[in-house]
$ cat query_35.cif   # mmCIF, C-alpha atoms
data_upload
#
loop_
_atom_site.label_atom_id
_atom_site.label_comp_id
_atom_site.auth_asym_id
_atom_site.auth_seq_id
_atom_site.Cartn_x
_atom_site.Cartn_y
_atom_site.Cartn_z
CA MET A 1 60.94 33.79 21.70
CA MET A 2 60.39 31.77 18.53
CA ILE A 3 63.06 32.09 15.83
CA ILE A 4 60.62 33.55 13.30
CA GLU A 5 59.71 36.24 15.86
CA ARG A 6 63.41 37.10 16.23
CA VAL A 7 63.67 37.53 12.46
CA ASN A 8 60.59 39.76 12.46
CA ASP A 9 62.02 41.83 15.31
CA ILE A 10 65.29 42.30 13.40
CA GLN A 11 63.41 43.45 10.32
CA ASP A 12 61.26 45.82 12.39
CA ASN A 13 64.35 47.31 14.02
CA LEU A 14 66.06 47.77 10.66
CA ASN A 15 62.99 49.41 9.18
CA GLN A 16 62.47 51.73 12.16
CA LYS A 17 66.03 53.00 12.07
CA PHE A 18 66.87 53.06 8.37
CA THR A 19 63.68 53.28 6.28
CA GLY A 20 63.57 57.03 6.93
CA SER A 21 67.05 57.23 5.45
CA GLY A 22 65.99 55.58 2.19
CA PHE A 23 66.67 51.87 2.75
CA GLU A 24 64.62 48.69 2.56
CA PHE A 25 65.50 45.29 4.03
CA HIS A 26 64.15 42.01 2.69
CA PRO A 27 64.89 38.68 4.44
CA PHE A 28 65.76 35.40 2.75
CA LEU A 29 67.50 32.12 3.53
CA ILE A 30 70.92 31.23 2.18
CA GLY A 31 69.44 27.95 0.93
CA TRP A 32 67.03 29.84 -1.32
CA TYR A 33 70.00 31.63 -2.86
CA HIS A 34 71.93 28.38 -3.31
CA GLU A 35 68.99 26.90 -5.21
CA LYS A 36 69.45 29.57 -7.92
CA VAL A 37 73.22 29.88 -8.27
CA SER A 38 76.06 27.62 -9.35
CA LYS A 39 78.45 26.12 -6.80
CA SER A 40 81.06 28.79 -7.48
CA PHE A 41 78.73 31.48 -6.11
CA ARG A 42 77.65 29.65 -2.95
CA VAL A 43 78.69 30.95 0.46
CA ASN A 44 79.88 28.98 3.46
CA TYR A 45 76.78 29.14 5.66
CA PRO A 46 74.08 26.61 6.60
CA GLU A 47 71.11 26.56 4.24
CA ASP A 48 68.71 27.92 6.89
CA THR A 49 70.88 30.96 7.72
CA VAL A 50 68.98 34.26 7.66
CA ALA A 51 70.16 37.12 5.47
CA PHE A 52 68.74 40.42 4.26
CA VAL A 53 69.16 42.13 0.91
CA VAL A 54 69.58 45.90 1.25
CA VAL A 55 67.77 48.19 -1.21
CA SER A 56 68.32 51.93 -1.53
CA THR A 57 65.23 53.87 -2.63
CA PRO A 58 65.22 57.22 -4.45
CA ASP A 59 65.14 59.00 -1.06
CA MET A 60 68.51 57.61 0.02
CA PHE A 61 70.55 60.24 -1.82
CA GLU A 62 69.04 63.26 -0.09
CA LYS A 63 68.13 61.63 3.23
CA SER A 64 71.26 59.58 3.84
CA PHE A 65 74.10 60.31 1.42
CA LEU A 66 74.17 64.12 1.40
CA PRO A 67 73.84 64.34 5.21
CA PHE A 68 76.63 61.77 5.48
CA ILE A 69 79.09 63.78 3.41
CA THR A 70 78.12 66.90 5.33
CA ARG A 71 79.26 65.18 8.52
CA LYS A 72 82.29 63.36 7.12
CA ASP A 73 85.49 64.39 5.39
CA CYS A 74 85.36 62.13 2.34
CA ASN A 75 88.26 63.80 0.54
CA THR A 76 90.88 61.71 2.31
CA ASP A 77 89.37 58.34 1.32
CA ILE A 78 90.13 56.73 -2.03
CA ARG A 79 86.67 55.17 -2.23
CA ASP A 80 83.63 56.75 -3.83
CA PRO A 81 81.84 58.83 -1.15
CA LEU A 82 78.65 56.85 -1.76
CA ASP A 83 80.48 53.58 -1.04
CA GLN A 84 81.71 55.17 2.19
CA CYS A 85 78.14 56.07 3.11
CA ILE A 86 76.83 52.56 2.52
CA ALA A 87 79.79 51.08 4.44
CA ALA A 88 79.00 53.35 7.38
CA THR A 89 75.36 52.24 7.28
CA PHE A 90 76.42 48.59 7.31
CA ASN A 91 78.70 49.27 10.28
CA ASP A 92 75.80 50.90 12.13
CA ILE A 93 73.73 47.78 11.51
CA LYS A 94 76.46 45.59 12.96
CA ASP A 95 76.63 47.80 16.04
CA ASP A 96 72.86 47.54 16.51
CA PHE A 97 72.97 43.74 16.74
CA PRO A 98 75.99 42.88 18.94
CA ASP A 99 74.57 39.43 19.80
CA TYR A 100 74.79 38.24 16.20
CA THR A 101 77.70 37.22 14.01
CA ILE A 102 77.14 39.48 11.02
CA GLU A 103 78.85 39.52 7.65
CA THR A 104 78.07 42.31 5.21
CA ILE A 105 78.80 41.99 1.49
CA HIS A 106 78.62 45.08 -0.71
CA ASP A 107 77.27 44.98 -4.25
CA PHE A 108 80.67 46.05 -5.62
CA GLU A 109 82.78 43.44 -3.81
CA ARG A 110 84.70 40.94 -5.94
CA HIS A 111 86.94 37.94 -5.41
CA HIS A 112 90.51 38.08 -6.72
CA SER A 113 89.26 36.42 -9.90
CA ASN A 114 86.85 39.37 -10.36
CA ARG A 115 83.89 37.09 -9.69
CA PRO A 116 81.18 38.86 -7.63
CA LYS A 117 81.10 37.77 -4.01
CA PHE A 118 77.30 37.64 -4.10
CA LEU A 119 74.77 37.83 -6.93
CA MET A 120 72.63 40.72 -5.75
CA GLN A 121 69.95 40.52 -8.42
CA THR A 122 69.34 36.88 -7.56
CA ALA A 123 69.14 37.82 -3.87
CA SER A 124 66.66 40.55 -4.76
CA HIS A 125 64.41 38.12 -6.59
CA ILE A 126 64.39 35.30 -4.04
CA SER A 127 63.78 37.75 -1.18
CA GLY A 128 60.81 39.31 -2.98
CA ALA A 129 62.45 42.75 -3.06
CA ALA A 130 62.40 43.20 -6.85
CA TYR A 131 61.71 40.90 -9.79
CA TYR A 132 64.78 39.80 -11.75
CA TYR A 133 63.82 39.83 -15.44
CA GLN A 134 66.02 37.69 -17.67
CA GLN A 135 65.97 36.59 -21.28
CA LYS A 136 64.55 33.22 -20.21
CA ASP A 137 61.42 35.04 -18.96
CA ILE A 138 60.43 35.77 -22.57
CA GLY A 139 58.25 32.81 -23.48
CA ASN A 140 57.88 33.68 -27.15
CA THR A 141 61.36 32.76 -28.34
CA ASP A 142 60.55 34.00 -31.85
CA LEU A 143 60.99 37.51 -30.46
CA LEU A 144 64.62 36.68 -29.72
CA THR A 145 65.54 35.43 -33.17
CA GLY A 146 68.77 37.03 -34.34
CA LYS A 147 69.30 38.92 -31.11
CA LYS A 148 72.40 38.86 -28.94
CA ARG A 149 72.31 37.59 -25.37
CA LEU A 150 70.60 40.16 -23.16
CA CYS A 151 71.66 40.75 -19.55
CA GLY A 152 68.89 40.75 -16.96
CA VAL A 153 67.73 43.57 -14.72
CA CYS A 154 65.62 43.91 -11.56
CA ILE A 155 62.47 46.02 -11.44
CA HIS A 156 61.02 47.19 -8.11
CA PRO A 157 57.21 47.12 -7.75
CA LYS A 158 57.12 50.73 -6.46
CA TYR A 159 60.21 52.34 -7.95
CA GLY A 160 60.67 50.52 -11.26
CA GLY A 161 64.37 50.89 -12.02
CA TRP A 162 64.84 53.90 -9.74
CA PHE A 163 66.54 51.99 -6.93
CA ALA A 164 69.77 50.11 -6.24
CA LEU A 165 70.83 46.87 -4.57
CA ARG A 166 73.50 47.83 -2.05
CA GLY A 167 74.44 44.49 -0.54
CA VAL A 168 73.43 41.66 1.75
CA ILE A 169 73.63 41.29 5.52
CA ILE A 170 74.15 37.71 6.69
CA PHE A 171 73.26 36.81 10.28
CA GLY A 172 75.65 33.89 10.51
CA ASN A 173 74.43 32.52 13.85
CA LEU A 174 70.71 32.92 13.13
CA GLN A 175 68.98 29.93 11.53
CA CYS A 176 65.26 29.84 10.73
CA GLU A 177 64.19 26.98 8.48
CA ASP A 178 60.51 28.01 8.50
CA LEU A 179 60.99 31.57 7.25
CA PRO A 180 58.06 32.19 4.86
CA ARG A 181 58.91 32.98 1.25
CA ARG A 182 57.66 36.19 -0.31
CA GLU A 183 57.43 36.05 -4.08
CA ALA A 184 58.82 38.92 -6.13
CA VAL A 185 56.02 40.92 -7.77
CA ASP A 186 55.89 40.46 -11.54
CA VAL A 187 55.13 43.98 -12.75
CA VAL A 188 56.47 43.84 -16.33
CA VAL A 189 53.71 41.82 -17.97
CA GLY A 190 53.97 40.35 -21.45
CA ASP A 191 56.83 39.15 -23.63
CA GLU A 192 56.95 42.30 -25.75
CA LEU A 193 57.26 44.59 -22.74
CA ARG A 194 59.88 42.36 -21.14
CA LEU A 195 61.91 42.39 -24.35
CA GLU A 196 61.59 46.18 -24.49
CA LEU A 197 62.84 46.39 -20.90
CA LEU A 198 65.88 44.22 -21.59
CA GLU A 199 66.72 46.07 -24.78
CA ARG A 200 66.44 49.46 -23.09
CA PHE A 201 68.68 48.23 -20.27
CA ASN A 202 71.27 46.58 -22.50
CA TYR A 203 71.46 49.12 -25.32
CA ARG A 204 70.23 52.46 -23.92
CA TRP A 205 70.78 52.28 -20.17
CA GLN A 206 72.34 55.77 -20.18
CA ASP A 207 69.02 57.42 -21.15
CA TRP A 208 67.34 56.16 -17.93
CA THR A 209 64.22 54.97 -19.81
CA PHE A 210 64.43 51.33 -18.66
CA ARG A 211 63.76 52.64 -15.16
CA ASP A 212 60.33 53.91 -16.26
CA ILE A 213 59.15 50.66 -17.81
CA ILE A 214 56.28 50.83 -15.29
CA SER A 215 54.60 53.72 -13.47
CA VAL A 216 56.68 54.57 -10.42
CA LYS A 217 56.11 56.11 -7.01
CA SER A 218 59.20 58.34 -7.20
CA ARG A 219 62.40 58.83 -9.19
CA TYR A 220 65.94 60.04 -8.59
CA SER A 221 66.35 63.78 -8.19
CA GLU A 222 68.27 65.72 -10.84
CA ALA A 223 71.25 65.96 -8.48
CA GLN A 224 71.22 62.20 -7.94
CA LYS A 225 70.98 61.49 -11.67
CA LEU A 226 73.88 63.81 -12.34
CA TYR A 227 75.97 62.18 -9.61
CA PHE A 228 75.44 58.66 -10.97
CA ALA A 229 76.06 59.80 -14.55
CA THR A 230 79.45 61.23 -13.51
CA LYS A 231 82.58 59.07 -13.49
CA PRO A 232 83.55 58.08 -9.93
CA LYS A 233 86.89 59.89 -10.16
CA ASP A 234 85.07 63.18 -10.88
CA ARG A 235 82.28 62.95 -8.29
CA LYS A 236 83.98 64.81 -5.45
CA GLU A 237 84.65 67.77 -7.70
CA LEU A 238 81.07 67.61 -8.98
CA ILE A 239 79.65 67.94 -5.48
CA ALA A 240 81.95 70.86 -4.72
CA THR A 241 81.23 72.85 -7.88
CA ASN A 242 77.77 72.08 -9.32
CA HIS A 243 74.86 74.33 -8.35
CA LEU A 244 72.56 71.33 -7.81
CA PHE A 245 74.57 70.66 -4.66
CA ASP A 246 74.48 74.26 -3.41
CA SER A 247 72.33 73.42 -0.38
CA PHE A 248 74.84 70.75 0.63
CA ASN A 249 77.79 73.09 0.14
CA ASP A 250 76.06 75.76 2.22
CA CYS A 251 75.70 73.25 5.07
CA LYS A 252 79.36 72.27 4.66
CA GLU A 253 80.50 75.88 4.83
CA GLU A 254 78.40 76.52 7.95
CA LYS A 255 79.93 73.46 9.60
CA GLU A 256 83.45 74.62 8.80
CA ILE A 257 82.75 78.09 10.17
CA ASP A 258 81.16 76.71 13.33
CA GLY A 259 83.93 74.15 13.76
#
$ encode --input "query_35.cif" --output "structure tokens"
Amino acid sequence: MMIIERVNDIQDNLNQKFTGSGFEFHPFLIGWYHEKVSKSFRVNYPEDTVAFVVVSTPDMFEKSFLPFITRKDCNTDIRDPLDQCIAATFNDIKDDFPDYTIETIHDFERHHSNRPKFLMQTASHISGAAYYYQQKDIGNTDLLTGKKRLCGVCIHPKYGGWFALRGVIIFGNLQCEDLPRREAVDVVVGDELRLELLERFNYRWQDWTFRDIISVKSRYSEAQKLYFATKPKDRKELIATNHLFDSFNDCKEEKEIDG
């Protein structure tokens, strides 16, 4: 089997098992990532090593996260229950590919210096998953006069800002130098709209409006929005007490009675 066919098979297997749970997987080469980042962010793999960036879609919360916490006792773990869910998904992926040396890096992982272990928005862009809009993408610099530096943000071609980058999966012993590149889709057209996106994200991210900078296929549910708007330390109590999670709590109670 040709190497490119092996990569395609891996992506097909990932999609078949996890797309229904609200995840997308987009392949890229480590060398593409190294082209975009400084030396301090590079990882110790050959340039032609295959990796995948993992995207959670709006469906992930109801189709993956809530079923996960129904099955698991998350109260004994110090981590956010959502982090536990993503970690379990990554472990399932490792188990599905025992012939490969796999490293998973979560979006929240940091070095001791607090430097991110991997720049997920860059990975998103070079894999074609979602376009990474930055201040440098505004060609009319007059629009930036007198403005502070604006942090960039990724926009998905289907979900706008209603998605999340959960991590990368590196297949350390899989090299494929002829992997075709897929360009990220530029969906925020025009300097004015790009500036509006960055300003919404930098100054008003709490009102969710940057996520609707384009027309979207679907959005987060009200329960999901409430969960993400709640401080991590209060999320377990939120799930247990808020009526938006009543269907989950009913399932939990049934499990405890049956068990």
$ atom_distance --input "query_35.cif" --atom1 "CA of Ser38 (chain A)" --atom2 "CA of Gln11 (chain A)"
28.2 Å
$ resolve_selection --input "query_35.cif" --expression "the PyMOL selection byres ((chain A and resi 68) around 10)" --output "tab-separated table (two decimals) with C-alpha atoms, in the frame of the given file"
chain	number	residue	atom	x	y	z
A	61	PHE	CA	70.55	60.24	-1.82
A	62	GLU	CA	69.04	63.26	-0.09
A	63	LYS	CA	68.13	61.63	3.23
A	64	SER	CA	71.26	59.58	3.84
A	65	PHE	CA	74.10	60.31	1.42
A	66	LEU	CA	74.17	64.12	1.40
A	67	PRO	CA	73.84	64.34	5.21
A	69	ILE	CA	79.09	63.78	3.41
A	70	THR	CA	78.12	66.90	5.33
A	71	ARG	CA	79.26	65.18	8.52
A	72	LYS	CA	82.29	63.36	7.12
A	73	ASP	CA	85.49	64.39	5.39
A	74	CYS	CA	85.36	62.13	2.34
A	81	PRO	CA	81.84	58.83	-1.15
A	82	LEU	CA	78.65	56.85	-1.76
A	84	GLN	CA	81.71	55.17	2.19
A	85	CYS	CA	78.14	56.07	3.11
A	86	ILE	CA	76.83	52.56	2.52
A	88	ALA	CA	79.00	53.35	7.38
A	89	THR	CA	75.36	52.24	7.28
$ closest_residue --input "query_35.cif" --among "A:Gln175, A:Asn140, A:Gln206, A:Thr122" --to "Cys154 (chain A)" --atoms "all atoms listed in the file"
A:Thr122
$ atom_distance --input "query_35.cif" --atom1 "CA of Lys225 (chain A)" --atom2 "CA of Val53 (chain A)"
23.2 Å
$ resolve_selection --input "query_35.cif" --expression "the PyMOL selection byres ((chain A and resi 56-59) around 12)" --output "PyMOL selection string"
chain A and resi 18-26+53-55+60-67+82+85-86+89+107+124+129-130+156-168+211+216-225
$ write_last_selection --input "query_35.cif" --atoms "C-alpha atoms" --output "compact mmCIF listing (two decimals), in the frame of the given file"
# COMPACT_ATOMS: atom_id res chain seq x y z
CA PHE A 18 66.87 53.06 8.37
CA THR A 19 63.68 53.28 6.28
CA GLY A 20 63.57 57.03 6.93
CA SER A 21 67.05 57.23 5.45
CA GLY A 22 65.99 55.58 2.19
CA PHE A 23 66.67 51.87 2.75
CA GLU A 24 64.62 48.69 2.56
CA PHE A 25 65.50 45.29 4.03
CA HIS A 26 64.15 42.01 2.69
CA VAL A 53 69.16 42.13 0.91
CA VAL A 54 69.58 45.90 1.25
CA VAL A 55 67.77 48.19 -1.21
CA MET A 60 68.51 57.61 0.02
CA PHE A 61 70.55 60.24 -1.82
CA GLU A 62 69.04 63.26 -0.09
CA LYS A 63 68.13 61.63 3.23
CA SER A 64 71.26 59.58 3.84
CA PHE A 65 74.10 60.31 1.42
CA LEU A 66 74.17 64.12 1.40
CA PRO A 67 73.84 64.34 5.21
CA LEU A 82 78.65 56.85 -1.76
CA CYS A 85 78.14 56.07 3.11
CA ILE A 86 76.83 52.56 2.52
CA THR A 89 75.36 52.24 7.28
CA ASP A 107 77.27 44.98 -4.25
CA SER A 124 66.66 40.55 -4.76
CA ALA A 129 62.45 42.75 -3.06
CA ALA A 130 62.40 43.20 -6.85
CA HIS A 156 61.02 47.19 -8.11
CA PRO A 157 57.21 47.12 -7.75
CA LYS A 158 57.12 50.73 -6.46
CA TYR A 159 60.21 52.34 -7.95
CA GLY A 160 60.67 50.52 -11.26
CA GLY A 161 64.37 50.89 -12.02
CA TRP A 162 64.84 53.90 -9.74
CA PHE A 163 66.54 51.99 -6.93
CA ALA A 164 69.77 50.11 -6.24
CA LEU A 165 70.83 46.87 -4.57
CA ARG A 166 73.50 47.83 -2.05
CA GLY A 167 74.44 44.49 -0.54
CA VAL A 168 73.43 41.66 1.75
CA ARG A 211 63.76 52.64 -15.16
CA VAL A 216 56.68 54.57 -10.42
CA LYS A 217 56.11 56.11 -7.01
CA SER A 218 59.20 58.34 -7.20
CA ARG A 219 62.40 58.83 -9.19
CA TYR A 220 65.94 60.04 -8.59
CA SER A 221 66.35 63.78 -8.19
CA GLU A 222 68.27 65.72 -10.84
CA ALA A 223 71.25 65.96 -8.48
CA GLN A 224 71.22 62.20 -7.94
CA LYS A 225 70.98 61.49 -11.67
$ closest_residue --input "query_35.cif" --among "A:Pro46, A:Gly31, A:Pro232, A:Gly172" --to "Thr104 (chain A)" --atoms "all atoms listed in the file"
A:Gly172
$ atom_distance --input "query_35.cif" --atom1 "CA of Leu29 (chain A)" --atom2 "CA of Glu47 (chain A)"
6.7 Å
$ resolve_selection --input "query_35.cif" --expression "the PyMOL selection byres ((chain A and resi 136) around 12)" --output "PDB file with C-alpha atoms, in the coordinates of the input"
ATOM      1  CA  TYR A 132      64.780  39.800 -11.750  1.00  0.00           C
ATOM      2  CA  TYR A 133      63.820  39.830 -15.440  1.00  0.00           C
ATOM      3  CA  GLN A 134      66.020  37.690 -17.670  1.00  0.00           C
ATOM      4  CA  GLN A 135      65.970  36.590 -21.280  1.00  0.00           C
ATOM      5  CA  ASP A 137      61.420  35.040 -18.960  1.00  0.00           C
ATOM      6  CA  ILE A 138      60.430  35.770 -22.570  1.00  0.00           C
ATOM      7  CA  GLY A 139      58.250  32.810 -23.480  1.00  0.00           C
ATOM      8  CA  ASN A 140      57.880  33.680 -27.150  1.00  0.00           C
ATOM      9  CA  THR A 141      61.360  32.760 -28.340  1.00  0.00           C
ATOM     10  CA  LEU A 143      60.990  37.510 -30.460  1.00  0.00           C
ATOM     11  CA  LEU A 144      64.620  36.680 -29.720  1.00  0.00           C
ATOM     12  CA  ARG A 149      72.310  37.590 -25.370  1.00  0.00           C
ATOM     13  CA  LEU A 150      70.600  40.160 -23.160  1.00  0.00           C
ATOM     14  CA  CYS A 151      71.660  40.750 -19.550  1.00  0.00           C
ATOM     15  CA  GLY A 152      68.890  40.750 -16.960  1.00  0.00           C
ATOM     16  CA  ASP A 191      56.830  39.150 -23.630  1.00  0.00           C
ATOM     17  CA  ARG A 194      59.880  42.360 -21.140  1.00  0.00           C
ATOM     18  CA  LEU A 195      61.910  42.390 -24.350  1.00  0.00           C
ATOM     19  CA  LEU A 198      65.880  44.220 -21.590  1.00  0.00           C
TER      20      LEU A 198
END
$ closest_residue --input "query_35.cif" --among "A:Leu174, A:Ala123, A:Leu238, A:Ile93" --to "Asp48 (chain A)" --atoms "all atoms listed in the file"
A:Leu174
$ residues_around --input "query_35.cif" --residues "Ser127 (chain A)" --least-positions-apart "5" --cutoff "8 Å" --atoms "all atoms listed in the file" --output "mmCIF file with C-alpha atoms, in the coordinates of the input"
data_model
loop_
_atom_site.group_PDB
_atom_site.id
_atom_site.type_symbol
_atom_site.label_atom_id
_atom_site.label_comp_id
_atom_site.auth_asym_id
_atom_site.auth_seq_id
_atom_site.Cartn_x
_atom_site.Cartn_y
_atom_site.Cartn_z
ATOM 1 C CA HIS A 26 64.150 42.010 2.690
ATOM 2 C CA PRO A 27 64.890 38.680 4.440
ATOM 3 C CA PHE A 28 65.760 35.400 2.750
ATOM 4 C CA PHE A 52 68.740 40.420 4.260
ATOM 5 C CA VAL A 53 69.160 42.130 0.910
ATOM 6 C CA ARG A 181 58.910 32.980 1.250
ATOM 7 C CA ARG A 182 57.660 36.190 -0.310
ATOM 8 C CA GLU A 183 57.430 36.050 -4.080
ATOM 9 C CA ALA A 184 58.820 38.920 -6.130
#
$ closest_residue --input "query_35.cif" --among "A:Asp246, A:Glu199, A:Asp212, A:Asp9" --to "Phe97 (chain A)" --atoms "all atoms listed in the file"
A:Asp9
$ decode --input "query_35.cif" --residues "region 55-64 of chain A" --atoms "all heavy atoms" --output "mmCIF file, in the first residue's frame"
data_model
loop_
_atom_site.group_PDB
_atom_site.id
_atom_site.type_symbol
_atom_site.label_atom_id
_atom_site.label_comp_id
_atom_site.auth_asym_id
_atom_site.auth_seq_id
_atom_site.Cartn_x
_atom_site.Cartn_y
_atom_site.Cartn_z
ATOM 1 N N VAL A 55 -10.747 18.894 15.450
ATOM 2 C CA VAL A 55 -11.746 19.950 15.586
ATOM 3 C C VAL A 55 -12.994 19.363 16.242
ATOM 4 O O VAL A 55 -13.438 18.276 15.873
ATOM 5 C CB VAL A 55 -12.114 20.533 14.205
ATOM 6 C CG1 VAL A 55 -13.305 21.479 14.303
ATOM 7 C CG2 VAL A 55 -10.915 21.238 13.587
ATOM 8 N N SER A 56 -13.545 20.071 17.223
ATOM 9 C CA SER A 56 -14.863 19.689 17.735
ATOM 10 C C SER A 56 -15.911 20.621 17.136
ATOM 11 O O SER A 56 -15.743 21.843 17.142
ATOM 12 C CB SER A 56 -14.905 19.732 19.267
ATOM 13 O OG SER A 56 -14.744 21.043 19.756
ATOM 14 N N THR A 57 -16.967 20.044 16.606
ATOM 15 C CA THR A 57 -18.061 20.785 15.985
ATOM 16 C C THR A 57 -19.129 21.074 17.039
ATOM 17 O O THR A 57 -19.056 20.574 18.164
ATOM 18 C CB THR A 57 -18.655 19.972 14.826
ATOM 19 O OG1 THR A 57 -19.380 18.848 15.368
ATOM 20 C CG2 THR A 57 -17.559 19.480 13.888
ATOM 21 N N PRO A 58 -20.158 21.851 16.702
ATOM 22 C CA PRO A 58 -21.210 22.112 17.685
ATOM 23 C C PRO A 58 -21.888 20.855 18.226
ATOM 24 O O PRO A 58 -22.407 20.859 19.346
ATOM 25 C CB PRO A 58 -22.198 22.988 16.904
ATOM 26 C CG PRO A 58 -21.350 23.697 15.908
ATOM 27 C CD PRO A 58 -20.322 22.695 15.493
ATOM 28 N N ASP A 59 -21.881 19.767 17.454
ATOM 29 C CA ASP A 59 -22.538 18.528 17.889
ATOM 30 C C ASP A 59 -21.790 17.804 18.997
ATOM 31 O O ASP A 59 -22.356 16.930 19.667
ATOM 32 C CB ASP A 59 -22.681 17.562 16.704
ATOM 33 C CG ASP A 59 -23.734 17.998 15.711
ATOM 34 O OD1 ASP A 59 -24.594 18.815 16.088
ATOM 35 O OD2 ASP A 59 -23.696 17.522 14.570
ATOM 36 N N MET A 60 -20.516 18.119 19.195
ATOM 37 C CA MET A 60 -19.704 17.351 20.135
ATOM 38 C C MET A 60 -20.287 17.358 21.543
ATOM 39 O O MET A 60 -20.260 16.342 22.246
ATOM 40 C CB MET A 60 -18.278 17.915 20.157
ATOM 41 C CG MET A 60 -17.303 17.181 21.074
ATOM 42 S SD MET A 60 -17.375 17.666 22.825
ATOM 43 C CE MET A 60 -16.940 19.405 22.720
ATOM 44 N N PHE A 61 -20.836 18.469 21.969
ATOM 45 C CA PHE A 61 -21.292 18.604 23.351
ATOM 46 C C PHE A 61 -22.386 17.590 23.661
ATOM 47 O O PHE A 61 -22.304 16.871 24.668
ATOM 48 C CB PHE A 61 -21.795 20.030 23.577
ATOM 49 C CG PHE A 61 -21.989 20.398 25.015
ATOM 50 C CD1 PHE A 61 -20.910 20.771 25.793
ATOM 51 C CD2 PHE A 61 -23.249 20.381 25.593
ATOM 52 C CE1 PHE A 61 -21.080 21.121 27.126
ATOM 53 C CE2 PHE A 61 -23.430 20.737 26.917
ATOM 54 C CZ PHE A 61 -22.347 21.102 27.691
ATOM 55 N N GLU A 62 -23.400 17.534 22.810
ATOM 56 C CA GLU A 62 -24.510 16.617 23.064
ATOM 57 C C GLU A 62 -24.195 15.177 22.655
ATOM 58 O O GLU A 62 -24.658 14.232 23.298
ATOM 59 C CB GLU A 62 -25.770 17.096 22.328
ATOM 60 C CG GLU A 62 -26.568 18.170 23.070
ATOM 61 C CD GLU A 62 -25.915 19.550 23.012
ATOM 62 O OE1 GLU A 62 -25.104 19.789 22.088
ATOM 63 O OE2 GLU A 62 -26.216 20.395 23.873
ATOM 64 N N LYS A 63 -23.408 15.008 21.598
ATOM 65 C CA LYS A 63 -23.182 13.658 21.078
ATOM 66 C C LYS A 63 -21.999 12.938 21.722
ATOM 67 O O LYS A 63 -21.927 11.702 21.660
ATOM 68 C CB LYS A 63 -22.986 13.714 19.559
ATOM 69 C CG LYS A 63 -24.248 14.097 18.814
ATOM 70 C CD LYS A 63 -24.058 13.991 17.308
ATOM 71 C CE LYS A 63 -25.363 14.271 16.575
ATOM 72 N NZ LYS A 63 -25.207 14.150 15.097
ATOM 73 N N SER A 64 -21.086 13.679 22.308
ATOM 74 C CA SER A 64 -19.906 13.053 22.893
ATOM 75 C C SER A 64 -19.755 13.388 24.376
ATOM 76 O O SER A 64 -19.609 12.492 25.211
ATOM 77 C CB SER A 64 -18.649 13.493 22.133
ATOM 78 O OG SER A 64 -17.514 12.814 22.604
#
